[in-house]
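The file protein-v6.tsv comes next; it holds TSV, C-alpha atoms.
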chain	number	residue	atom	x	y	z
A	7	MET	CA	-15.37	3.49	13.45
A	8	VAL	CA	-18.86	4.50	12.43
A	9	ARG	CA	-19.47	8.21	12.04
A	10	PRO	CA	-20.85	10.44	9.28
A	11	ALA	CA	-18.42	11.13	6.43
A	12	VAL	CA	-19.82	14.60	5.74
A	13	TRP	CA	-16.31	15.99	5.20
A	14	LEU	CA	-15.85	13.88	2.07
A	15	LEU	CA	-19.11	14.89	0.47
A	16	ALA	CA	-18.47	18.58	1.09
A	17	LEU	CA	-14.92	18.45	-0.21
A	18	LEU	CA	-15.86	16.58	-3.37
A	19	ALA	CA	-18.69	19.03	-4.00
A	20	PHE	CA	-16.10	21.81	-3.87
A	21	THR	CA	-13.92	19.85	-6.28
A	22	THR	CA	-16.78	19.53	-8.72
A	23	ALA	CA	-17.35	23.27	-8.69
A	24	THR	CA	-13.71	24.06	-9.39
A	25	VAL	CA	-13.32	21.69	-12.33
A	26	LEU	CA	-16.21	23.24	-14.31
A	27	GLY	CA	-16.67	20.24	-16.55
A	28	GLN	CA	-13.21	20.27	-18.10
A	29	GLU	CA	-10.14	18.13	-17.58
A	30	PRO	CA	-7.85	20.33	-15.45
A	31	LYS	CA	-4.38	21.12	-16.65
A	32	LYS	CA	-1.65	19.53	-14.57
A	33	PRO	CA	1.43	21.54	-13.59
A	34	ASP	CA	4.37	21.22	-16.00
A	35	VAL	CA	6.98	21.60	-13.26
A	36	PRO	CA	6.92	21.03	-9.50
A	37	PRO	CA	6.50	24.12	-7.33
A	38	LYS	CA	9.68	25.87	-6.19
A	39	GLU	CA	9.12	24.89	-2.59
A	40	ALA	CA	9.24	21.21	-3.65
A	41	GLU	CA	12.77	21.71	-4.98
A	42	LYS	CA	13.90	22.97	-1.57
A	43	PHE	CA	12.35	20.16	0.47
A	44	VAL	CA	15.04	18.00	2.09
A	45	THR	CA	14.58	14.26	1.53
A	46	LYS	CA	16.64	11.20	2.43
A	47	GLU	CA	17.51	8.38	0.04
A	48	VAL	CA	17.00	4.98	1.70
A	49	ALA	CA	17.75	1.36	0.76
A	50	PHE	CA	16.51	-1.87	2.31
A	51	ASP	CA	16.48	-5.56	1.40
A	52	THR	CA	13.54	-7.87	0.81
A	53	ALA	CA	13.45	-11.29	2.46
A	54	ASP	CA	14.69	-12.90	-0.77
A	55	GLY	CA	17.49	-10.37	-1.19
A	56	VAL	CA	16.37	-7.69	-3.63
A	57	GLU	CA	17.86	-4.30	-2.78
A	58	LEU	CA	14.97	-1.84	-2.87
A	59	GLN	CA	15.60	1.88	-3.28
A	60	GLY	CA	13.37	4.64	-2.01
A	61	THR	CA	13.04	8.18	-0.74
A	62	LEU	CA	11.99	9.27	2.73
A	63	TYR	CA	10.15	12.55	3.17
A	64	PRO	CA	10.51	13.46	6.87
A	65	SER	CA	7.55	15.01	8.62
A	66	VAL	CA	7.94	18.63	9.65
A	67	LYS	CA	6.63	17.53	13.06
A	68	GLY	CA	9.43	15.06	13.77
A	69	GLY	CA	9.79	11.44	14.76
A	70	THR	CA	6.46	10.92	16.50
A	71	SER	CA	4.58	11.47	13.23
A	72	PRO	CA	2.51	8.76	11.52
A	73	VAL	CA	3.80	7.10	8.36
A	74	VAL	CA	2.47	6.97	4.80
A	75	ILE	CA	3.80	4.37	2.32
A	76	LEU	CA	3.30	5.18	-1.36
A	77	LEU	CA	2.81	2.25	-3.76
A	78	HIS	CA	3.12	2.74	-7.51
A	79	SER	CA	1.42	0.61	-10.17
A	80	PHE	CA	3.12	-2.67	-11.05
A	81	GLY	CA	4.73	-2.66	-14.48
A	82	LYS	CA	4.76	1.14	-14.69
A	83	ASP	CA	7.51	3.73	-14.32
A	84	PRO	CA	7.47	4.60	-10.58
A	85	ASN	CA	8.39	8.20	-11.41
A	86	LEU	CA	5.23	8.83	-13.38
A	87	GLY	CA	2.67	11.19	-11.87
A	88	GLU	CA	2.74	13.59	-8.96
A	89	TRP	CA	3.97	11.22	-6.25
A	90	LYS	CA	6.68	13.70	-5.24
A	91	GLY	CA	4.22	16.55	-4.86
A	92	LEU	CA	1.87	14.41	-2.77
A	93	ALA	CA	4.72	13.21	-0.56
A	94	ILE	CA	5.84	16.79	0.16
A	95	THR	CA	2.28	17.90	0.83
A	96	LEU	CA	1.79	15.09	3.35
A	97	ALA	CA	5.16	15.72	5.01
A	98	LYS	CA	4.20	19.35	5.54
A	99	LYS	CA	0.92	18.18	7.08
A	100	GLY	CA	2.74	16.07	9.66
A	101	PHE	CA	3.18	12.67	8.00
A	102	THR	CA	6.47	10.91	7.32
A	103	VAL	CA	6.30	9.50	3.78
A	104	LEU	CA	8.18	6.58	2.25
A	105	ARG	CA	8.17	6.23	-1.50
A	106	PHE	CA	10.04	3.26	-3.03
A	107	ASP	CA	10.40	1.30	-6.27
A	108	PHE	CA	9.08	-2.26	-6.50
A	109	ARG	CA	11.56	-4.97	-7.52
A	110	GLY	CA	12.69	-4.61	-11.12
A	111	HIS	CA	11.29	-1.09	-11.29
A	112	GLY	CA	13.20	2.20	-11.25
A	113	LYS	CA	16.31	1.89	-9.12
A	114	SER	CA	15.32	-1.39	-7.39
A	115	THR	CA	17.15	-3.75	-9.74
A	116	VAL	CA	20.02	-5.30	-7.76
A	117	ILE	CA	19.90	-8.83	-6.34
A	118	GLY	CA	22.14	-8.90	-3.28
A	119	ASN	CA	22.60	-12.69	-3.15
A	120	PRO	CA	21.83	-14.22	-6.57
A	121	LYS	CA	22.43	-17.82	-5.43
A	122	SER	CA	19.88	-17.53	-2.64
A	123	PHE	CA	17.40	-15.51	-4.73
A	124	TRP	CA	17.28	-18.06	-7.55
A	125	ASN	CA	17.74	-21.29	-5.57
A	126	ASP	CA	16.13	-20.75	-2.17
A	127	TYR	CA	12.98	-19.00	-3.39
A	128	PRO	CA	11.44	-21.28	-6.06
A	129	VAL	CA	8.82	-18.75	-7.15
A	130	ASN	CA	11.55	-16.54	-8.64
A	131	ALA	CA	12.87	-19.36	-10.82
A	132	LYS	CA	9.35	-20.55	-11.68
A	133	TYR	CA	8.28	-17.25	-13.22
A	134	MET	CA	11.68	-16.24	-14.62
A	135	PRO	CA	13.12	-19.61	-15.78
A	136	THR	CA	15.31	-18.15	-18.53
A	137	LEU	CA	17.20	-16.01	-16.03
A	138	ALA	CA	17.34	-18.77	-13.40
A	139	ASN	CA	19.12	-21.08	-15.83
A	140	LYS	CA	21.84	-18.62	-16.79
A	141	SER	CA	25.43	-18.99	-15.65
A	142	PRO	CA	26.53	-17.01	-13.82
A	143	LEU	CA	23.21	-16.27	-12.15
A	144	PRO	CA	21.90	-12.78	-12.97
A	145	LYS	CA	22.52	-10.05	-10.40
A	146	LYS	CA	19.92	-7.65	-11.74
A	147	LEU	CA	16.22	-7.54	-12.55
A	148	ASP	CA	14.49	-5.42	-15.17
A	149	MET	CA	10.84	-4.47	-15.29
A	150	LYS	CA	10.34	-6.76	-18.29
A	151	ASP	CA	11.66	-9.69	-16.22
A	152	VAL	CA	9.23	-9.34	-13.31
A	153	THR	CA	6.23	-8.48	-15.50
A	154	ALA	CA	6.74	-11.10	-18.23
A	155	LYS	CA	4.40	-13.55	-16.49
A	156	PRO	CA	1.42	-12.05	-14.60
A	157	GLY	CA	1.57	-14.84	-12.03
A	158	TYR	CA	4.68	-13.31	-10.47
A	159	PHE	CA	2.73	-10.27	-9.26
A	160	PRO	CA	1.92	-11.53	-5.71
A	161	VAL	CA	5.65	-11.59	-4.86
A	162	VAL	CA	5.61	-7.79	-4.54
A	163	VAL	CA	3.83	-8.19	-1.20
A	164	ASN	CA	7.35	-8.99	0.05
A	165	ASP	CA	8.50	-5.57	-1.14
A	166	ILE	CA	5.79	-3.86	0.91
A	167	MET	CA	6.71	-5.98	3.93
A	168	ALA	CA	10.37	-5.03	3.49
A	169	ALA	CA	9.40	-1.36	3.46
A	170	ARG	CA	7.37	-1.82	6.62
A	171	VAL	CA	10.21	-3.55	8.47
A	172	ALA	CA	12.62	-0.81	7.34
A	173	LEU	CA	10.23	1.70	8.87
A	174	ASP	CA	10.04	-0.37	12.06
A	175	LYS	CA	13.81	0.02	12.37
A	176	MET	CA	13.37	3.78	12.03
A	177	ASN	CA	10.60	3.59	14.62
A	178	ASP	CA	12.95	1.92	17.09
A	179	ALA	CA	15.49	4.70	16.47
A	180	GLY	CA	12.82	7.29	17.28
A	181	ASP	CA	12.68	8.68	13.75
A	182	VAL	CA	9.11	7.66	12.79
A	183	ASN	CA	5.96	6.26	14.37
A	184	THR	CA	4.87	2.91	12.92
A	185	SER	CA	1.96	2.59	15.32
A	186	SER	CA	0.01	4.45	12.62
A	187	VAL	CA	0.83	3.38	9.06
A	188	TYR	CA	-1.16	4.48	6.01
A	189	LEU	CA	-0.97	3.13	2.46
A	190	ILE	CA	-1.67	5.08	-0.71
A	191	GLY	CA	-1.47	3.13	-3.95
A	192	SER	CA	-2.30	3.32	-7.63
A	193	THR	CA	-4.35	0.80	-9.67
A	194	ASP	CA	-3.18	-2.80	-9.01
A	195	ALA	CA	-1.18	-1.71	-5.96
A	196	ALA	CA	-4.56	-1.96	-4.24
A	197	THR	CA	-4.48	-5.73	-4.81
A	198	ALA	CA	-0.95	-6.10	-3.43
A	199	GLY	CA	-1.76	-3.70	-0.60
A	200	LEU	CA	-4.86	-5.61	0.46
A	201	MET	CA	-2.91	-8.87	0.52
A	202	TYR	CA	-0.21	-7.19	2.59
A	203	MET	CA	-2.82	-5.90	5.06
A	204	ALA	CA	-4.21	-9.42	5.43
A	205	VAL	CA	-0.69	-10.69	6.11
A	206	GLU	CA	-0.12	-8.09	8.81
A	207	TRP	CA	-2.99	-9.48	10.86
A	208	SER	CA	-0.99	-12.71	11.21
A	209	ARG	CA	2.30	-11.00	12.11
A	210	PRO	CA	3.10	-10.00	15.70
A	211	GLN	CA	3.93	-6.34	16.30
A	212	VAL	CA	7.10	-7.25	18.17
A	213	ILE	CA	9.69	-9.77	16.97
A	214	GLU	CA	10.02	-11.41	20.41
A	215	GLN	CA	6.41	-12.57	20.10
A	216	ALA	CA	7.07	-14.27	16.77
A	217	ARG	CA	8.67	-17.27	18.51
A	218	ASN	CA	10.20	-19.52	15.86
A	219	TRP	CA	8.03	-18.40	12.96
A	220	SER	CA	10.11	-17.91	9.82
A	221	GLU	CA	7.20	-17.61	7.43
A	222	ILE	CA	3.91	-15.77	7.67
A	223	GLY	CA	0.79	-17.70	6.81
A	224	PRO	CA	-2.96	-17.28	7.35
A	225	LEU	CA	-2.75	-18.09	11.05
A	226	LYS	CA	-4.75	-16.44	13.81
A	227	LEU	CA	-2.57	-14.99	16.54
A	228	PRO	CA	-3.23	-15.85	20.19
A	229	ASN	CA	-5.32	-13.26	22.03
A	230	ASN	CA	-2.37	-12.17	24.18
A	231	ILE	CA	-0.26	-11.14	21.18
A	232	ASP	CA	-0.81	-7.81	19.43
A	233	SER	CA	-1.04	-8.02	15.68
A	234	ALA	CA	0.88	-5.74	13.32
A	235	GLY	CA	-2.45	-5.28	11.55
A	236	LYS	CA	-3.47	-2.91	14.34
A	237	ASP	CA	-0.80	-0.51	13.09
A	238	ILE	CA	-2.47	-0.13	9.69
A	239	ALA	CA	-4.39	3.09	10.20
A	240	GLY	CA	-5.99	3.18	6.76
A	241	ALA	CA	-5.47	3.14	3.01
A	242	ILE	CA	-6.35	5.21	-0.04
A	243	TRP	CA	-6.47	3.61	-3.47
A	244	LEU	CA	-6.40	5.61	-6.70
A	245	SER	CA	-8.35	3.77	-9.41
A	246	ALA	CA	-8.13	0.48	-7.55
A	247	GLU	CA	-7.75	-2.54	-9.79
A	248	ARG	CA	-7.82	-6.27	-9.14
A	249	HIS	CA	-4.71	-7.67	-10.76
A	250	PRO	CA	-5.74	-10.22	-13.41
A	251	SER	CA	-3.49	-12.92	-11.96
A	252	ILE	CA	-5.60	-13.09	-8.79
A	253	PRO	CA	-9.25	-14.26	-8.97
A	254	ALA	CA	-11.97	-12.14	-7.42
A	255	GLU	CA	-12.89	-14.87	-4.92
A	256	THR	CA	-9.29	-15.01	-3.72
A	257	VAL	CA	-9.29	-11.29	-2.99
A	258	LYS	CA	-12.54	-11.66	-1.05
A	259	ASN	CA	-11.07	-14.54	0.95
A	260	TRP	CA	-8.20	-12.39	2.22
A	261	VAL	CA	-10.66	-10.33	4.24
A	262	SER	CA	-12.47	-13.39	5.58
A	263	LEU	CA	-9.37	-15.34	6.66
A	264	ASP	CA	-9.19	-16.16	10.37
A	265	SER	CA	-6.01	-14.10	10.56
A	266	ALA	CA	-7.60	-11.04	8.98
A	267	ILE	CA	-11.16	-10.95	10.29
A	268	GLU	CA	-10.46	-7.56	11.87
A	269	LEU	CA	-9.06	-6.07	8.65
A	270	ARG	CA	-12.50	-5.06	7.46
A	271	ASP	CA	-13.44	-3.23	10.66
A	272	LYS	CA	-10.10	-1.74	11.69
A	273	ASN	CA	-8.36	-0.87	8.41
A	274	PRO	CA	-10.58	1.81	6.80
A	275	MET	CA	-10.10	2.52	3.09
A	276	LEU	CA	-11.05	5.21	0.60
A	277	PHE	CA	-11.33	4.31	-3.10
A	278	LEU	CA	-11.01	7.26	-5.49
A	279	TYR	CA	-11.52	7.05	-9.25
A	280	GLY	CA	-12.07	9.36	-12.19
A	281	GLY	CA	-15.73	10.21	-12.63
A	282	LYS	CA	-15.44	9.73	-16.40
A	283	ASP	CA	-13.08	6.76	-16.24
A	284	THR	CA	-14.85	4.04	-18.22
A	285	THR	CA	-12.00	1.53	-17.96
A	286	LYS	CA	-11.73	-1.39	-15.55
A	287	THR	CA	-10.26	0.96	-12.95
A	288	GLY	CA	-13.38	3.13	-12.74
A	289	ALA	CA	-16.59	2.96	-10.73
A	290	SER	CA	-17.20	-0.77	-11.19
A	291	SER	CA	-13.82	-1.65	-9.72
A	292	ALA	CA	-14.24	0.68	-6.74
A	293	LYS	CA	-17.67	-0.81	-6.07
A	294	PHE	CA	-16.22	-4.32	-6.27
A	295	PHE	CA	-13.74	-3.59	-3.49
A	296	VAL	CA	-16.15	-1.64	-1.29
A	297	ASN	CA	-19.35	-3.60	-1.82
A	298	GLU	CA	-18.16	-7.13	-2.51
A	299	VAL	CA	-14.76	-7.48	-0.84
A	300	LEU	CA	-15.21	-5.26	2.24
A	301	VAL	CA	-19.04	-5.25	2.28
A	302	ALA	CA	-19.10	-1.71	3.64
A	303	LYS	CA	-22.90	-1.62	3.53
A	304	PRO	CA	-24.06	-5.12	4.45
A	305	PRO	CA	-27.66	-6.22	3.82
A	306	LYS	CA	-30.12	-5.72	6.65
A	307	GLY	CA	-30.31	-8.62	9.04
A	308	THR	CA	-26.64	-9.56	8.78
A	309	LYS	CA	-24.44	-9.61	11.87
A	310	ILE	CA	-21.64	-7.46	10.43
A	311	SER	CA	-21.85	-3.73	10.95
A	312	PRO	CA	-21.73	-1.07	8.22
A	313	LEU	CA	-18.46	0.78	7.59
A	314	THR	CA	-18.61	4.56	7.29
A	315	PHE	CA	-14.92	5.31	6.76
A	316	THR	CA	-14.57	2.64	4.07
A	317	GLU	CA	-16.14	4.06	0.92
A	318	PHE	CA	-15.63	5.01	-2.72
A	319	SER	CA	-15.99	8.35	-4.46
A	320	ASP	CA	-15.26	9.84	-7.84
A	321	VAL	CA	-13.09	12.74	-8.89
A	322	LYS	CA	-15.69	14.62	-10.92
A	323	ASP	CA	-15.31	15.09	-14.68
A	324	SER	CA	-11.91	13.36	-14.81
A	325	LYS	CA	-10.97	10.61	-17.25
A	326	LEU	CA	-7.59	10.18	-15.60
A	327	VAL	CA	-6.51	6.91	-14.00
A	328	GLY	CA	-4.41	6.03	-10.95
A	329	VAL	CA	-1.52	8.30	-10.05
A	330	ASN	CA	-2.61	10.71	-12.78
A	331	LEU	CA	-5.49	11.73	-10.53
A	332	LEU	CA	-2.90	13.51	-8.41
A	333	GLY	CA	-2.73	17.11	-9.50
A	334	VAL	CA	-6.43	17.24	-10.35
A	335	PRO	CA	-7.94	20.04	-8.22
A	336	GLY	CA	-9.26	18.61	-4.98
A	337	THR	CA	-7.58	15.19	-5.08
A	338	GLU	CA	-4.76	16.02	-2.69
A	339	ASP	CA	-7.15	17.95	-0.45
A	340	THR	CA	-9.41	14.90	-0.24
A	341	ILE	CA	-6.45	12.67	0.60
A	342	VAL	CA	-5.16	14.99	3.33
A	343	LYS	CA	-8.61	15.47	4.86
A	344	TYR	CA	-9.26	11.72	4.92
A	345	LEU	CA	-5.93	10.99	6.62
A	346	GLU	CA	-6.43	13.78	9.15
A	347	THR	CA	-9.91	12.44	9.96
A	348	LEU	CA	-8.54	8.95	10.59
A	349	GLU	CA	-5.71	10.38	12.70
A	350	LYS	CA	-8.21	12.11	14.98
A	351	ASP	CA	-9.90	8.75	15.46
A	352	ARG	CA	-6.54	7.25	16.50
A	353	LYS	CA	-5.54	9.98	18.94
A	354	ASN	CA	-5.37	7.51	21.83
A	355	VAL	CA	-3.14	4.97	20.03
A	356	VAL	CA	0.06	4.53	22.03
A	357	ARG	CA	3.32	4.35	20.08
A	358	THR	CA	5.20	1.05	20.45
A	359	PRO	CA	8.84	2.14	20.77
A	360	ASN	CA	10.68	-1.13	20.10
A	361	ARG	CA	9.59	-3.55	17.37
A	362	ASN	CA	13.07	-5.11	16.99
A	363	TRP	CA	12.39	-6.51	13.52
A	364	THR	CA	15.72	-6.60	11.70
A	365	LYS	CA	14.78	-8.80	8.74
A	366	PRO	CA	11.43	-8.99	6.95
A	367	PRO	CA	9.61	-12.34	6.95
A	368	TYR	CA	9.07	-13.99	3.58
A	369	ILE	CA	5.43	-14.08	2.50
A	370	LEU	CA	4.35	-17.28	0.78
A	371	GLY	CA	1.66	-16.16	-1.64
A	372	ASN	CA	0.35	-19.68	-2.13
A	373	LEU	CA	-0.75	-19.71	1.52
A	374	TYR	CA	-3.08	-16.88	0.57
A	375	GLY	CA	-4.26	-18.56	-2.62
A	376	ALA	CA	-2.43	-16.01	-4.76
A	377	TYR	CA	-0.73	-18.46	-7.10
A	378	LYS	CA	-2.50	-20.71	-9.52
A	379	ASN	CA	-1.27	-24.31	-9.54
So that I can check it, write out the structure of this file as structure tokens.
Amino acid sequence: MVRPAVWLLALLAFTTATVLGQEPKKPDVPPKEAEKFVTKEVAFDTADGVELQGTLYPSVKGGTSPVVILLHSFGKDPNLGEWKGLAITLAKKGFTVLRFDFRGHGKSTVIGNPKSFWNDYPVNAKYMPTLANKSPLPKKLDMKDVTAKPGYFPVVVNDIMAARVALDKMNDAGDVNTSSVYLIGSTDAATAGLMYMAVEWSRPQVIEQARNWSEIGPLKLPNNIDSAGKDIAGAIWLSAERHPSIPAETVKNWVSLDSAIELRDKNPMLFLYGGKDTTKTGASSAKFFVNEVLVAKPPKGTKISPLTFTEFSDVKDSKLVGVNLLGVPGTEDTIVKYLETLEKDRKNVVRTPNRNWTKPPYILGNLYGAYKN
């Protein structure tokens, strides 16, 4: 996947010219056409029984369209920012978009089976002991519950997996195409998203090939089994941030695991950040992911090849962070152009019609070094 990324440089140059050195004003209300766009409310369960709520934005081109999953920042209101506007823009460009709330956020607060959630999945009780010891066991989660202890953060990888399996069901019904799945996330969603991508390289595309596996760990699949990681067409991260609960070396290890050695080469990523963002989500963070984690431009003499599609770039003259970059002139255009470029590169990817995954696997974060002992 090595080819010149001239499109990005030209588009960002245009963005710079339009901003004229000032922070652009964001629209106060969504455009009228957004109000008329028909969406579908969806619900799906995580492996440990949290009922996640989301919205599906169907592609104007129908069920053979690629999929985009939107991931909001952990510990933030999922309705902040211009996610809706981006979702509609992408749907009109031929992508089916799924936007959902992480556990304890927005509308994703219900625990379907409290006894199993608190007793069968020890990590829930470990990081929320006050709730786990209540009688009767709580049936709901609030944002303050899941964010009280930073160490609980890696569990949200199960929410992303649940969303993916829900989309696989739609794929099998002919409603979407999960042979090309893109991720777009804000701030620390990049950390959860990268872990999820590493997990997918150890998960078979089709449930029949999973044999008796009930848990996904850092295991390399046999050569005759296609990995679900091949379905990840790319990712875009807005002000990518390493979550403080996960050490830098751990994040780097996800890309070097035997199960995810192809993640670097086959899951291209674009890291966007505000050109005047001086916080931990600015240029230094983007460079950490691109230069240190993914090593997009390896030193001369190394055996790994450079990555052209995996890169970072700034949104000129903007101090905004994460999802707030949406609505800045040029941001959505850059996102659309990047996705369309990757889609052209995947034009020969054949859609797998039947995945047959009915329940998401549970991801043990400690297998990926995500929990501190």
Q: With a distance cut-off of 8 Å and all atoms listed in the file, select the neighbouring residues of segment 357-369 of chain A, excluding the residue or stretch itself and same-chain residues fewer than 4 positions from it, and output the selection as a list of chain:residue names.
A: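 Listed by chain and then number, they are A:Thr52, A:Ala53, A:Asp54, A:Val161, A:Val163, A:Asn164, A:Met167, A:Ala168, A:Val171, A:Ala172, A:Asp174, A:Lys175, A:Asn177, A:Asp178, A:Gly180, A:Asn183, A:Thr184, A:Ser185, A:Val205, A:Gln211, A:Val212, A:Ile213, A:Glu214, A:Ser220, A:Glu221, A:Ile222, A:Gly223.
Shortest atom-to-atom contact with Lys303 of chain A among A:Gly87, A:Ser291, A:Tyr374, A:Glu317: A:Glu317, counting all atoms listed in the file.
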Counting all atoms listed in the file, what are the residues of segment 193-272 of chain A within 6 Å of segment 69-82 of chain A, and for each of them which pair of atoms is the nearest and at what distance in Å, to one decimal? Sort the table by chain and rising number, as JSON lines.
{"residue": "A:Thr193", "atom": "CA", "partner": "A:Ser79", "partner_atom": "CA", "distance": 5.8}
{"residue": "A:Asp194", "atom": "CA", "partner": "A:Ser79", "partner_atom": "CA", "distance": 5.8}
{"residue": "A:Ala195", "atom": "CA", "partner": "A:Ser79", "partner_atom": "CA", "distance": 5.5}
Please return the centre and edge lengths, in Å to one decimal, of a box with edges along x, y and z that contains all listed atoms of segment 203-207 of chain A, widened by 6 Å on every side, as AutoDock Vina command-line options.
--center_x -2.2 --center_y -8.3 --center_z 8.0 --size_x 16.1 --size_y 16.8 --size_z 17.8
Q: Report the distance between atom CA of Arg170 of chain A and atom CA of Asp83 of chain A in Å, rounded to one decimal place.
A: 21.7 Å
Q | Interatomic distance (Å, one decimal) between atom CA of Ala376 of chain A and atom CA of Met134 of chain A | A | 17.2 Å
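Relative to atom CA of Thr337 of chain A, atom CA of Ile166 of chain A is found at 24.0 Å.
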Q | Shell around Val301 of chain A at 9 Å using only C-alpha atoms, local window under 4 positions removed, as a PyMOL selection string | A | chain A and resi 270+295-297+305+310+312-313
Tell me which protein, DNA and RNA residues are within 6 Å of Asp283 of chain A, counting all atoms listed in the file, leaving out same-chain ones fewer than 3 positions away, and put them as a compact mmCIF listing (two decimals) with C-alpha atoms, in the frame of the given file.
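Listed below is the output, result.txt:
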# COMPACT_ATOMS: atom_id res chain seq x y z
CA GLY A 280 -12.07 9.36 -12.19
CA GLY A 288 -13.38 3.13 -12.74
CA LYS A 325 -10.97 10.61 -17.25
Q. So which residues touch Leu244 of chain A within 8 Å, counting only C-alpha atoms, skipping near sequence neighbours fewer than 4 positions away, as a ChimeraX atom specification?
A. /A:190-193,277-279,327-329,331
Q: Counting all atoms listed in the file, figure out which residue out of A:Gly307, A:Asp264, A:Thr95, A:Thr102 gets nearest to Val182 of chain A.
A: A:Thr102
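Candidate residues A:Gly336, A:Gly60, A:Pro304, A:Pro120 were compared for distance to Ala169 of chain A, and the nearest is A:Gly60, using only C-alpha atoms.
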(Q) Distance cut-off 12 Å, centre (-4.7, -4.4, 2.4) in file coordinates, counting all atoms listed in the file: which residues qualify? Return them as a count of residues only. (A) 47
Q: Using only C-alpha atoms, determine which residues lie at most 12 Å from Val152 of chain A, disregarding the query and same-chain residues fewer than 2 positions distant; provide the list as a ChimeraX atom specification.
A: /A:80-82,108-111,114-115,129-137,146-150,154-162
